[in-house]
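**Q** Just structure.txt, nothing more (compact mmCIF, C-alpha atoms):
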```
# COMPACT_ATOMS: atom_id res chain seq x y z
CA TYR A 1013 78.99 79.98 58.54
CA HIS A 1014 76.53 77.68 60.28
CA PHE A 1015 73.05 78.19 61.73
CA ILE A 1016 74.22 79.38 65.18
CA CYS A 1017 76.45 82.00 63.56
CA ASP A 1018 73.54 83.19 61.41
CA CYS A 1019 71.38 83.53 64.53
CA TYR A 1020 74.11 85.48 66.34
CA PHE A 1021 74.60 88.11 63.64
CA LEU A 1022 70.85 88.31 62.97
CA THR A 1023 70.32 89.07 66.67
CA MET A 1024 73.07 91.70 66.61
CA LYS A 1025 71.47 93.43 63.62
CA ILE A 1026 67.97 93.31 65.10
CA LEU A 1027 69.24 94.86 68.35
CA GLN A 1028 71.04 97.56 66.40
CA LEU A 1029 67.87 98.48 64.52
CA GLY A 1030 65.61 98.15 67.56
CA ALA A 1031 66.76 98.62 71.16
CA LEU A 1032 70.05 100.32 70.27
CA LYS A 1033 68.30 102.76 67.94
CA ALA A 1034 66.02 103.81 70.81
CA ILE A 1035 69.02 104.07 73.15
CA ARG A 1036 70.86 106.33 70.70
CA GLU A 1037 67.80 108.53 70.33
CA SER A 1038 67.50 108.70 74.12
CA ILE A 1039 71.15 109.77 74.47
CA ASP A 1040 70.73 112.37 71.70
CA ASN A 1041 67.66 113.71 73.48
CA LEU A 1042 69.61 114.11 76.73
CA LYS A 1043 72.31 116.01 74.83
CA GLU A 1044 69.61 118.24 73.35
CA ILE A 1045 68.24 118.97 76.83
CA GLN A 1046 71.71 119.96 78.02
CA ARG A 1047 72.28 122.14 74.96
CA ARG A 1048 68.95 123.93 75.41
CA GLN A 1049 69.53 124.43 79.14
CA ASN A 1050 72.88 126.05 78.38
CA ARG A 1051 71.20 128.27 75.79
CA LEU A 1052 68.42 129.11 78.26
CA GLY A 1053 70.98 130.35 80.78
CA ASP A 1054 72.57 132.59 78.15
CA VAL A 1055 69.20 133.96 77.02
CA GLU A 1056 68.10 134.66 80.62
CA ALA A 1057 71.29 136.66 81.24
CA MET A 1058 70.76 138.57 77.99
CA HIS A 1059 67.13 139.30 78.91
CA GLU A 1060 68.10 140.69 82.32
CA SER A 1061 70.75 142.95 80.82
CA LEU A 1062 68.33 144.26 78.16
CA GLN A 1063 65.65 144.93 80.75
CA ALA A 1064 68.12 146.88 82.87
CA ALA A 1065 69.20 148.92 79.82
CA GLY A 1066 65.59 149.51 78.77
CA GLY A 1067 66.16 148.39 75.19
CA GLY A 1068 63.36 147.47 72.82
CA GLN A 1069 64.86 144.04 72.14
CA ALA A 1070 63.81 142.69 75.54
CA ALA A 1071 60.42 141.58 74.17
CA ARG A 1072 62.04 139.54 71.38
CA VAL A 1073 64.42 137.87 73.84
CA ALA A 1074 61.47 137.11 76.14
CA GLN A 1075 59.84 135.21 73.28
CA GLU A 1076 62.97 133.13 72.85
CA LEU A 1077 62.95 132.45 76.60
CA GLN A 1078 59.44 131.03 76.36
CA MET A 1079 60.39 128.97 73.31
CA GLN A 1080 63.48 127.47 75.01
CA ARG A 1081 61.49 126.61 78.15
CA ARG A 1082 58.77 124.96 76.06
CA HIS A 1083 61.30 122.88 74.11
CA ILE A 1084 63.04 121.80 77.31
CA GLU A 1085 59.74 120.61 78.77
CA GLU A 1086 58.99 118.69 75.56
CA ASN A 1087 62.45 117.08 75.61
CA LYS A 1088 62.03 116.13 79.28
CA GLU A 1089 58.68 114.50 78.54
CA LEU A 1090 60.30 112.59 75.69
CA HIS A 1091 63.10 111.50 78.03
CA LEU A 1092 60.56 110.06 80.46
CA CYS A 1093 58.95 108.13 77.61
CA TYR A 1094 62.30 106.65 76.57
CA GLU A 1095 63.14 105.79 80.17
CA ALA A 1096 59.78 104.07 80.70
CA ALA A 1097 60.30 101.97 77.57
CA LEU A 1098 64.00 101.15 78.00
CA VAL A 1099 64.44 100.75 81.76
CA ASN A 1100 62.89 97.31 81.65
CA GLU A 1101 64.50 94.55 83.71
CA ASN A 1102 64.01 91.73 81.19
CA LEU A 1103 65.18 93.85 78.24
CA LEU A 1104 68.31 95.20 79.93
CA GLU A 1105 69.32 91.82 81.39
CA VAL A 1106 69.03 90.14 77.98
CA LEU A 1107 71.02 92.94 76.33
CA LEU A 1108 73.74 92.75 78.99
CA SER A 1109 73.99 88.95 78.67
CA TYR A 1110 74.20 89.11 74.89
CA TYR A 1111 76.84 91.83 74.82
CA ALA A 1112 78.82 90.07 77.57
CA LEU A 1113 78.84 86.97 75.35
CA THR A 1114 80.17 89.09 72.50
CA ALA A 1115 82.85 90.62 74.74
CA ARG A 1116 83.99 87.18 75.92
CA PHE A 1117 84.13 85.99 72.32
CA ILE A 1118 86.34 88.95 71.38
CA MET A 1119 88.54 88.42 74.45
CA GLN A 1120 89.11 84.81 73.40
CA ARG A 1121 90.44 86.03 70.06
CA ILE A 1122 92.71 88.85 71.32
CA THR A 1123 94.26 87.15 74.36
CA PRO A 1124 97.06 86.60 75.08
CA PHE A 1125 97.67 90.17 73.99
CA PRO A 1126 100.89 90.96 72.07
CA LYS A 1127 103.44 92.60 74.34
CA ALA A 1128 105.89 95.32 73.37
CA ASP A 1129 108.11 97.69 75.34
CA ASP A 1130 106.76 100.51 73.18
CA VAL A 1131 102.97 100.33 72.71
CA SER A 1132 103.19 102.34 69.48
CA LYS A 1133 105.33 99.57 67.96
CA ALA A 1134 103.06 96.71 68.98
CA GLN A 1135 101.66 94.62 66.14
CA GLY A 1136 98.50 92.54 66.16
CA GLU A 1137 98.48 88.86 65.35
CA PRO A 1138 97.65 88.46 61.61
CA GLN A 1139 94.79 86.04 62.28
CA VAL A 1140 93.27 88.43 64.85
CA VAL A 1141 93.64 91.38 62.47
CA ALA A 1142 91.78 89.29 59.88
CA PHE A 1143 89.10 88.52 62.48
CA PHE A 1144 88.44 92.22 63.12
CA GLN A 1145 88.39 92.90 59.39
CA GLN A 1146 85.52 90.43 59.11
CA LEU A 1147 83.70 91.54 62.29
CA PRO A 1148 81.34 94.49 61.62
CA GLU A 1149 82.53 97.52 63.56
CA TYR A 1150 79.05 98.13 64.92
CA CYS A 1151 79.36 94.92 66.99
CA VAL A 1152 81.85 96.69 69.26
CA GLU A 1153 80.22 100.10 68.91
CA ASP A 1154 76.83 98.77 70.05
CA ILE A 1155 78.45 97.36 73.20
CA CYS A 1156 79.98 100.76 73.98
CA GLU A 1157 76.75 102.66 73.43
CA PHE A 1158 74.71 100.24 75.53
CA LEU A 1159 77.20 100.51 78.40
CA LEU A 1160 77.28 104.30 78.14
CA PHE A 1161 73.49 104.28 78.36
CA LEU A 1162 73.67 102.24 81.58
CA ALA A 1163 76.44 104.45 82.96
CA ASN A 1164 74.36 107.60 82.34
CA LEU A 1165 71.40 105.98 84.12
CA SER A 1166 73.60 105.04 87.08
CA HIS A 1167 73.47 108.66 88.27
CA SER A 1168 69.77 108.16 89.06
CA ASN A 1169 70.81 105.40 91.51
CA LEU A 1170 68.15 102.95 90.32
CA PRO A 1171 68.56 99.50 91.99
CA LEU A 1172 68.22 97.71 88.63
CA ILE A 1173 70.98 99.76 86.98
CA ASN A 1174 73.25 99.43 90.04
CA ARG A 1175 72.85 95.65 89.89
CA LEU A 1176 73.58 95.48 86.16
CA LEU A 1177 76.71 97.60 86.63
CA GLU A 1178 78.15 95.49 89.43
CA PRO A 1179 81.94 95.08 88.92
CA SER A 1180 81.49 91.32 88.38
CA ASN A 1181 79.20 92.06 85.41
CA VAL A 1182 81.34 94.83 83.94
CA MET A 1183 84.86 93.39 84.26
CA VAL A 1184 84.78 91.52 80.94
CA PHE A 1185 83.79 94.74 79.14
CA MET A 1186 86.44 96.70 81.00
CA GLU A 1187 89.22 94.29 80.01
CA MET A 1188 88.07 94.18 76.38
CA MET A 1189 88.05 97.99 76.16
CA ILE A 1190 91.45 98.32 77.82
CA LEU A 1191 92.99 96.00 75.23
CA LEU A 1192 91.23 97.58 72.25
CA VAL A 1193 91.57 101.24 73.22
CA GLY A 1194 95.30 101.22 72.48
CA SER A 1195 95.13 98.85 69.51
CA PRO A 1196 94.63 100.72 66.23
CA PHE A 1197 95.70 97.56 64.39
CA TYR A 1198 92.45 95.96 65.65
CA ILE A 1199 90.08 98.95 66.02
CA ASN A 1200 91.27 101.85 63.89
CA ASN A 1201 88.31 104.17 64.51
CA PRO A 1202 89.52 106.76 67.08
CA TYR A 1203 85.96 107.89 67.84
CA LEU A 1204 84.96 104.36 68.81
CA ARG A 1205 88.01 104.02 71.05
CA ALA A 1206 87.15 107.39 72.59
CA LYS A 1207 83.71 106.00 73.52
CA MET A 1208 85.50 103.24 75.43
CA VAL A 1209 87.41 105.86 77.40
CA ASP A 1210 84.16 107.71 78.04
CA PHE A 1211 82.67 104.59 79.62
CA MET A 1212 85.75 104.06 81.79
CA TYR A 1213 85.54 107.69 82.91
CA GLN A 1214 81.90 107.25 83.92
CA LEU A 1215 82.94 104.45 86.29
CA MET A 1216 86.01 106.20 87.69
CA PRO A 1217 86.13 106.23 91.52
CA ARG A 1218 85.38 109.74 92.74
CA ASP A 1219 84.28 111.61 95.84
CA GLY A 1220 81.02 113.43 96.28
CA VAL A 1221 78.58 110.92 94.79
CA GLY A 1222 77.32 109.20 97.91
CA GLY A 1223 77.93 105.49 98.35
CA ARG A 1224 78.46 104.96 94.62
CA GLY A 1225 81.76 106.81 94.44
CA TYR A 1226 84.06 103.83 94.93
CA ARG A 1227 81.74 100.97 93.98
CA HIS A 1228 83.64 100.37 90.74
CA ALA A 1229 87.11 100.79 92.23
CA PRO A 1230 87.86 97.03 91.84
CA LEU A 1231 87.69 97.50 88.06
CA PHE A 1232 90.71 99.81 88.22
CA GLU A 1233 92.64 98.06 90.99
CA GLY A 1234 92.71 94.37 90.13
CA GLY A 1235 93.43 92.06 87.23
CA GLU A 1236 96.44 91.42 85.04
CA VAL A 1237 94.95 93.24 82.04
CA VAL A 1238 94.34 96.43 84.06
CA ALA A 1239 97.77 96.38 85.66
CA ALA A 1240 99.66 95.68 82.44
CA HIS A 1241 97.77 97.67 79.81
CA LEU A 1242 95.46 100.38 81.19
CA VAL A 1243 97.94 103.26 81.54
CA PRO A 1244 100.10 102.62 78.45
CA HIS A 1245 97.07 102.08 76.21
CA LEU A 1246 95.33 105.26 77.40
CA LEU A 1247 98.53 107.23 76.83
CA HIS A 1248 98.91 105.70 73.37
CA LEU A 1249 95.32 106.66 72.47
CA TYR A 1250 95.93 110.22 73.66
CA VAL A 1251 99.07 110.53 71.51
CA ASN A 1252 97.48 108.70 68.56
CA ILE A 1253 94.43 110.99 68.41
```
Rewrite the structure from the file as structure tokens, please.

**A**
Amino acid sequence: YHFICDCYFLTMKILQLGALKAIRESIDNLKEIQRRQNRLGDVEAMHESLQAAGGGQAARVAQELQMQRRHIEENKELHLCYEAALVNENLLEVLLSYYALTARFIMQRITPFPKADDVSKAQGEPQVVAFFQQLPEYCVEDICEFLLFLANLSHSNLPLINRLLEPSNVMVFMEMMILLVGSPFYINNPYLRAKMVDFMYQLMPRDGVGGRGYRHAPLFEGGEVVAAHLVPHLLHLYVNI
């Protein structure tokens, strides 16, 4: 390995321990908000039924109601702190550029992709299999988690996030994920491949979301990789898991 290679992997590790760590904590905090909101709805229904029945447990349930509401407010405040720190134009543009470079590097190694009539019988090229054995798995996982973070933010319709998720910026990631999602001989971790599907789902064209509903439709409509591999690889992942 030479100096440039050392710089590349050092940057990847620093991002994993810095920006990506904060992004993971932000995503976990959002999940915690959702979990507590679901619990709050259950507790509110329980409280109403106990009040109607006149049971003595209503006071205890009321205390839990206050606790859940307090925790939700704390989690929402924490979410705003994460958003203020992470939704930074310079930071997100640098991260996107770096991970796009990584995706292009991976695409250079896995294309042309091995073809087979039956996806389950496809075999990876030995030199590419060796490449993925040497590449730390977190290199691909960090890309997925960063893109999922952007996709979750896209629902807020921020101009910065919309610009970063333009189809021209995302296509290289989309093609990489399509090829890897049905390739256990390259990426064997089913949970990592499921994250790739999660990102694709976030960008799926759909009605009822204003002008953003079909903005990413070109990702699913054009390109040789999409046409040749998207459906069979998703089906193979579904059967494989």

**Q** Could you build a table of the residues in range 1020-1131 of chain A lying no more than 8 Å from range 1157-1170 of chain A, giving for each the nearest pair of atoms and their separation in Å rounded to one decimal place, using only C-alpha atoms, ordered by chain and ascending residue number, as JSON lines?

**A**
```
{"residue": "A:Leu1032", "atom": "CA", "partner": "A:Phe1158", "partner_atom": "CA", "distance": 7.0}
{"residue": "A:Ile1035", "atom": "CA", "partner": "A:Phe1161", "partner_atom": "CA", "distance": 6.9}
{"residue": "A:Arg1036", "atom": "CA", "partner": "A:Glu1157", "partner_atom": "CA", "distance": 7.5}
{"residue": "A:Ile1039", "atom": "CA", "partner": "A:Phe1161", "partner_atom": "CA", "distance": 7.1}
```

**Q** Write out as a PDB file with C-alpha atoms, keeping the file's coordinate frame which residues come within 12 Å of Ala1097 in chain A when counting all atoms listed in the file, dropping same-chain ones fewer than 5 positions away.

**A**
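Output contents, as saved in result-v2.pdb:
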```
ATOM      1  CA  GLY A1030      65.610  98.150  67.560  1.00  0.00           C
ATOM      2  CA  ALA A1031      66.760  98.620  71.160  1.00  0.00           C
ATOM      3  CA  ALA A1034      66.020 103.810  70.810  1.00  0.00           C
ATOM      4  CA  ILE A1035      69.020 104.070  73.150  1.00  0.00           C
ATOM      5  CA  SER A1038      67.500 108.700  74.120  1.00  0.00           C
ATOM      6  CA  LEU A1090      60.300 112.590  75.690  1.00  0.00           C
ATOM      7  CA  HIS A1091      63.100 111.500  78.030  1.00  0.00           C
ATOM      8  CA  LEU A1092      60.560 110.060  80.460  1.00  0.00           C
ATOM      9  CA  ASN A1102      64.010  91.730  81.190  1.00  0.00           C
ATOM     10  CA  LEU A1103      65.180  93.850  78.240  1.00  0.00           C
ATOM     11  CA  LEU A1104      68.310  95.200  79.930  1.00  0.00           C
TER      12      LEU A1104
END
```

**Q** Would you write out, as CSV, a table of all residues in range 1021-1129 of chain A that have an atom no more than 10 Å from an atom of range 1191-1208 of chain A, listing for each the closest atom pair and the distance in Å to one decimal, considering all atoms listed in the file and ordering rows by chain and rising residue number?

**A**
```
residue,atom,partner,partner_atom,distance
A:Ile1118,CA,A:Leu1192,CA,10.0
A:Met1119,CA,A:Leu1191,CA,8.8
A:Ile1122,CA,A:Leu1191,CA,8.2
A:Thr1123,CA,A:Leu1191,CA,9.0
A:Phe1125,CA,A:Leu1191,CA,7.6
A:Pro1126,CA,A:Leu1191,CA,9.9
```

**Q** What separation in Å, quoted to one decimal, exists between CA of Met1024 in chain A and CA of Cys1151 in chain A?

**A** 7.1 Å

**Q** Do you have the CA of Arg1048 in chain A-CA of Ala1065 in chain A distance handy?

**A**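 Those two atoms sit 25.4 Å apart.
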
**Q** Check the smallest atom-to-atom distance from each of A:Val1073, A:Cys1093, A:Gly1053, A:Asn1100 to Pro1171 in chain A using all atoms listed in the file, then report the winner.

**A**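 So, comparing all the options, the nearest one is A:Asn1100.
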
**Q** For a test of reading the model, state the distance in Å between CA of Val1184 in chain A and CA of Ile1026 in chain A, rounded to one decimal.

**A** 23.2 Å

**Q** Pick out the closest residue to Val1238 in chain A from this set: A:Tyr1150, A:Phe1015, A:Phe1185, A:Tyr1094. Count all atoms listed in the file.

**A**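 Of A:Tyr1150, A:Phe1015, A:Phe1185, A:Tyr1094, the one nearest Val1238 in chain A, counting all atoms listed in the file, is A:Phe1185.
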
**Q** Choose the residue, out of A:Val1055, A:Pro1217, A:Lys1088, A:Ala1112, that has the smallest atom-to-atom separation from Ala1074 in chain A; count all atoms listed in the file.

**A** A:Val1055

**Q** Using only C-alpha atoms, which of the listed residues (A:Asp1054, A:Glu1105, A:Asp1018, A:Glu1086) sits closest to Leu1042 in chain A?

**A**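 Closest candidate: A:Glu1086.
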
**Q** Would you mind telling me which residue in A:Ile1173, A:Leu1077, A:Ala1142, A:Met1188 lies nearest to Ala1057 in chain A when using only C-alpha atoms?

**A** A:Leu1077

**Q** Check the smallest atom-to-atom distance from each of A:Leu1147, A:Ala1070, A:Leu1231, A:Met1216 to Ser1180 in chain A using all atoms listed in the file, then report the winner.

**A** A:Leu1231

**Q** Report as a ChimeraX atom specification all protein, DNA and RNA residues lying within 10 Å of Asn1181 in chain A, evaluated on only C-alpha atoms, omitting residues in the same chain fewer than 4 positions from it.

**A** /A:1108-1109,1112,1175-1177,1185-1186

**Q** Write the residues you've just listed into a file as a PDB file, keeping the file's coordinate frame, and include C-alpha atoms for each of them.

**A**
```pdb
ATOM      1  CA  LEU A1108      73.740  92.750  78.990  1.00  0.00           C
ATOM      2  CA  SER A1109      73.990  88.950  78.670  1.00  0.00           C
ATOM      3  CA  ALA A1112      78.820  90.070  77.570  1.00  0.00           C
ATOM      4  CA  ARG A1175      72.850  95.650  89.890  1.00  0.00           C
ATOM      5  CA  LEU A1176      73.580  95.480  86.160  1.00  0.00           C
ATOM      6  CA  LEU A1177      76.710  97.600  86.630  1.00  0.00           C
ATOM      7  CA  PHE A1185      83.790  94.740  79.140  1.00  0.00           C
ATOM      8  CA  MET A1186      86.440  96.700  81.000  1.00  0.00           C
TER       9      MET A1186
END
```

**Q** Add whatever atoms are absent from range 1161-1172 of chain A to reach all heavy atoms, and provide the output as a PDB file, in the coordinates of the input.

**A**
```
ATOM      1  N   PHE A1161      74.878 104.051  77.968  1.00  0.00           N
ATOM      2  CA  PHE A1161      73.490 104.280  78.360  1.00  0.00           C
ATOM      3  C   PHE A1161      73.282 103.866  79.812  1.00  0.00           C
ATOM      4  O   PHE A1161      72.689 104.609  80.608  1.00  0.00           O
ATOM      5  CB  PHE A1161      72.568 103.497  77.434  1.00  0.00           C
ATOM      6  CG  PHE A1161      71.124 103.491  77.850  1.00  0.00           C
ATOM      7  CD1 PHE A1161      70.353 104.637  77.732  1.00  0.00           C
ATOM      8  CD2 PHE A1161      70.536 102.342  78.352  1.00  0.00           C
ATOM      9  CE1 PHE A1161      69.016 104.634  78.116  1.00  0.00           C
ATOM     10  CE2 PHE A1161      69.203 102.330  78.740  1.00  0.00           C
ATOM     11  CZ  PHE A1161      68.439 103.482  78.625  1.00  0.00           C
ATOM     12  N   LEU A1162      73.785 102.685  80.185  1.00  0.00           N
ATOM     13  CA  LEU A1162      73.670 102.240  81.580  1.00  0.00           C
ATOM     14  C   LEU A1162      74.431 103.164  82.520  1.00  0.00           C
ATOM     15  O   LEU A1162      73.953 103.488  83.612  1.00  0.00           O
ATOM     16  CB  LEU A1162      74.185 100.808  81.715  1.00  0.00           C
ATOM     17  CG  LEU A1162      73.393  99.687  81.041  1.00  0.00           C
ATOM     18  CD1 LEU A1162      74.032  98.339  81.342  1.00  0.00           C
ATOM     19  CD2 LEU A1162      71.936  99.691  81.490  1.00  0.00           C
ATOM     20  N   ALA A1163      75.626 103.587  82.101  1.00  0.00           N
ATOM     21  CA  ALA A1163      76.440 104.450  82.960  1.00  0.00           C
ATOM     22  C   ALA A1163      75.744 105.792  83.194  1.00  0.00           C
ATOM     23  O   ALA A1163      75.788 106.338  84.300  1.00  0.00           O
ATOM     24  CB  ALA A1163      77.811 104.669  82.321  1.00  0.00           C
ATOM     25  N   ASN A1164      75.086 106.335  82.174  1.00  0.00           N
ATOM     26  CA  ASN A1164      74.360 107.600  82.340  1.00  0.00           C
ATOM     27  C   ASN A1164      73.184 107.419  83.299  1.00  0.00           C
ATOM     28  O   ASN A1164      72.880 108.305  84.096  1.00  0.00           O
ATOM     29  CB  ASN A1164      73.860 108.104  80.989  1.00  0.00           C
ATOM     30  CG  ASN A1164      74.984 108.644  80.117  1.00  0.00           C
ATOM     31  OD1 ASN A1164      75.968 109.163  80.626  1.00  0.00           O
ATOM     32  ND2 ASN A1164      74.847 108.506  78.807  1.00  0.00           N
ATOM     33  N   LEU A1165      72.531 106.254  83.228  1.00  0.00           N
ATOM     34  CA  LEU A1165      71.400 105.980  84.120  1.00  0.00           C
ATOM     35  C   LEU A1165      71.854 105.730  85.558  1.00  0.00           C
ATOM     36  O   LEU A1165      71.058 105.872  86.488  1.00  0.00           O
ATOM     37  CB  LEU A1165      70.610 104.770  83.629  1.00  0.00           C
ATOM     38  CG  LEU A1165      69.690 104.975  82.422  1.00  0.00           C
ATOM     39  CD1 LEU A1165      69.040 103.663  82.030  1.00  0.00           C
ATOM     40  CD2 LEU A1165      68.624 106.014  82.718  1.00  0.00           C
ATOM     41  N   SER A1166      73.125 105.358  85.735  1.00  0.00           N
ATOM     42  CA  SER A1166      73.600 105.040  87.080  1.00  0.00           C
ATOM     43  C   SER A1166      73.530 106.249  88.012  1.00  0.00           C
ATOM     44  O   SER A1166      73.455 106.102  89.227  1.00  0.00           O
ATOM     45  CB  SER A1166      75.033 104.502  87.033  1.00  0.00           C
ATOM     46  OG  SER A1166      75.947 105.527  86.657  1.00  0.00           O
ATOM     47  N   HIS A1167      73.534 107.458  87.443  1.00  0.00           N
ATOM     48  CA  HIS A1167      73.470 108.660  88.270  1.00  0.00           C
ATOM     49  C   HIS A1167      72.111 108.806  88.953  1.00  0.00           C
ATOM     50  O   HIS A1167      71.987 109.537  89.937  1.00  0.00           O
ATOM     51  CB  HIS A1167      73.771 109.903  87.423  1.00  0.00           C
ATOM     52  CG  HIS A1167      75.130 109.858  86.786  1.00  0.00           C
ATOM     53  ND1 HIS A1167      76.295 109.847  87.520  1.00  0.00           N
ATOM     54  CD2 HIS A1167      75.512 109.796  85.482  1.00  0.00           C
ATOM     55  CE1 HIS A1167      77.338 109.809  86.705  1.00  0.00           C
ATOM     56  NE2 HIS A1167      76.884 109.775  85.470  1.00  0.00           N
ATOM     57  N   SER A1168      71.086 108.126  88.415  1.00  0.00           N
ATOM     58  CA  SER A1168      69.770 108.160  89.060  1.00  0.00           C
ATOM     59  C   SER A1168      69.670 107.176  90.216  1.00  0.00           C
ATOM     60  O   SER A1168      68.672 107.163  90.932  1.00  0.00           O
ATOM     61  CB  SER A1168      68.675 107.845  88.027  1.00  0.00           C
ATOM     62  OG  SER A1168      68.868 106.555  87.464  1.00  0.00           O
ATOM     63  N   ASN A1169      70.719 106.334  90.381  1.00  0.00           N
ATOM     64  CA  ASN A1169      70.810 105.400  91.510  1.00  0.00           C
ATOM     65  C   ASN A1169      69.647 104.416  91.561  1.00  0.00           C
ATOM     66  O   ASN A1169      69.158 104.046  92.629  1.00  0.00           O
ATOM     67  CB  ASN A1169      70.877 106.171  92.841  1.00  0.00           C
ATOM     68  CG  ASN A1169      71.622 105.385  93.918  1.00  0.00           C
ATOM     69  OD1 ASN A1169      72.416 104.497  93.612  1.00  0.00           O
ATOM     70  ND2 ASN A1169      71.356 105.684  95.165  1.00  0.00           N
ATOM     71  N   LEU A1170      69.205 103.964  90.381  1.00  0.00           N
ATOM     72  CA  LEU A1170      68.150 102.950  90.320  1.00  0.00           C
ATOM     73  C   LEU A1170      68.727 101.593  90.720  1.00  0.00           C
ATOM     74  O   LEU A1170      69.807 101.221  90.249  1.00  0.00           O
ATOM     75  CB  LEU A1170      67.580 102.864  88.904  1.00  0.00           C
ATOM     76  CG  LEU A1170      66.849 104.108  88.376  1.00  0.00           C
ATOM     77  CD1 LEU A1170      66.522 103.941  86.903  1.00  0.00           C
ATOM     78  CD2 LEU A1170      65.591 104.358  89.176  1.00  0.00           C
ATOM     79  N   PRO A1171      68.035 100.817  91.566  1.00  0.00           N
ATOM     80  CA  PRO A1171      68.560  99.500  91.990  1.00  0.00           C
ATOM     81  C   PRO A1171      68.864  98.580  90.821  1.00  0.00           C
ATOM     82  O   PRO A1171      69.867  97.864  90.839  1.00  0.00           O
ATOM     83  CB  PRO A1171      67.434  98.955  92.882  1.00  0.00           C
ATOM     84  CG  PRO A1171      66.711 100.159  93.381  1.00  0.00           C
ATOM     85  CD  PRO A1171      66.777 101.159  92.269  1.00  0.00           C
ATOM     86  N   LEU A1172      68.003  98.580  89.791  1.00  0.00           N
ATOM     87  CA  LEU A1172      68.220  97.710  88.630  1.00  0.00           C
ATOM     88  C   LEU A1172      69.530  98.059  87.926  1.00  0.00           C
ATOM     89  O   LEU A1172      70.334  97.170  87.607  1.00  0.00           O
ATOM     90  CB  LEU A1172      67.055  97.840  87.649  1.00  0.00           C
ATOM     91  CG  LEU A1172      67.245  97.178  86.272  1.00  0.00           C
ATOM     92  CD1 LEU A1172      67.448  95.678  86.423  1.00  0.00           C
ATOM     93  CD2 LEU A1172      66.057  97.488  85.365  1.00  0.00           C
TER      94      LEU A1172
END
```
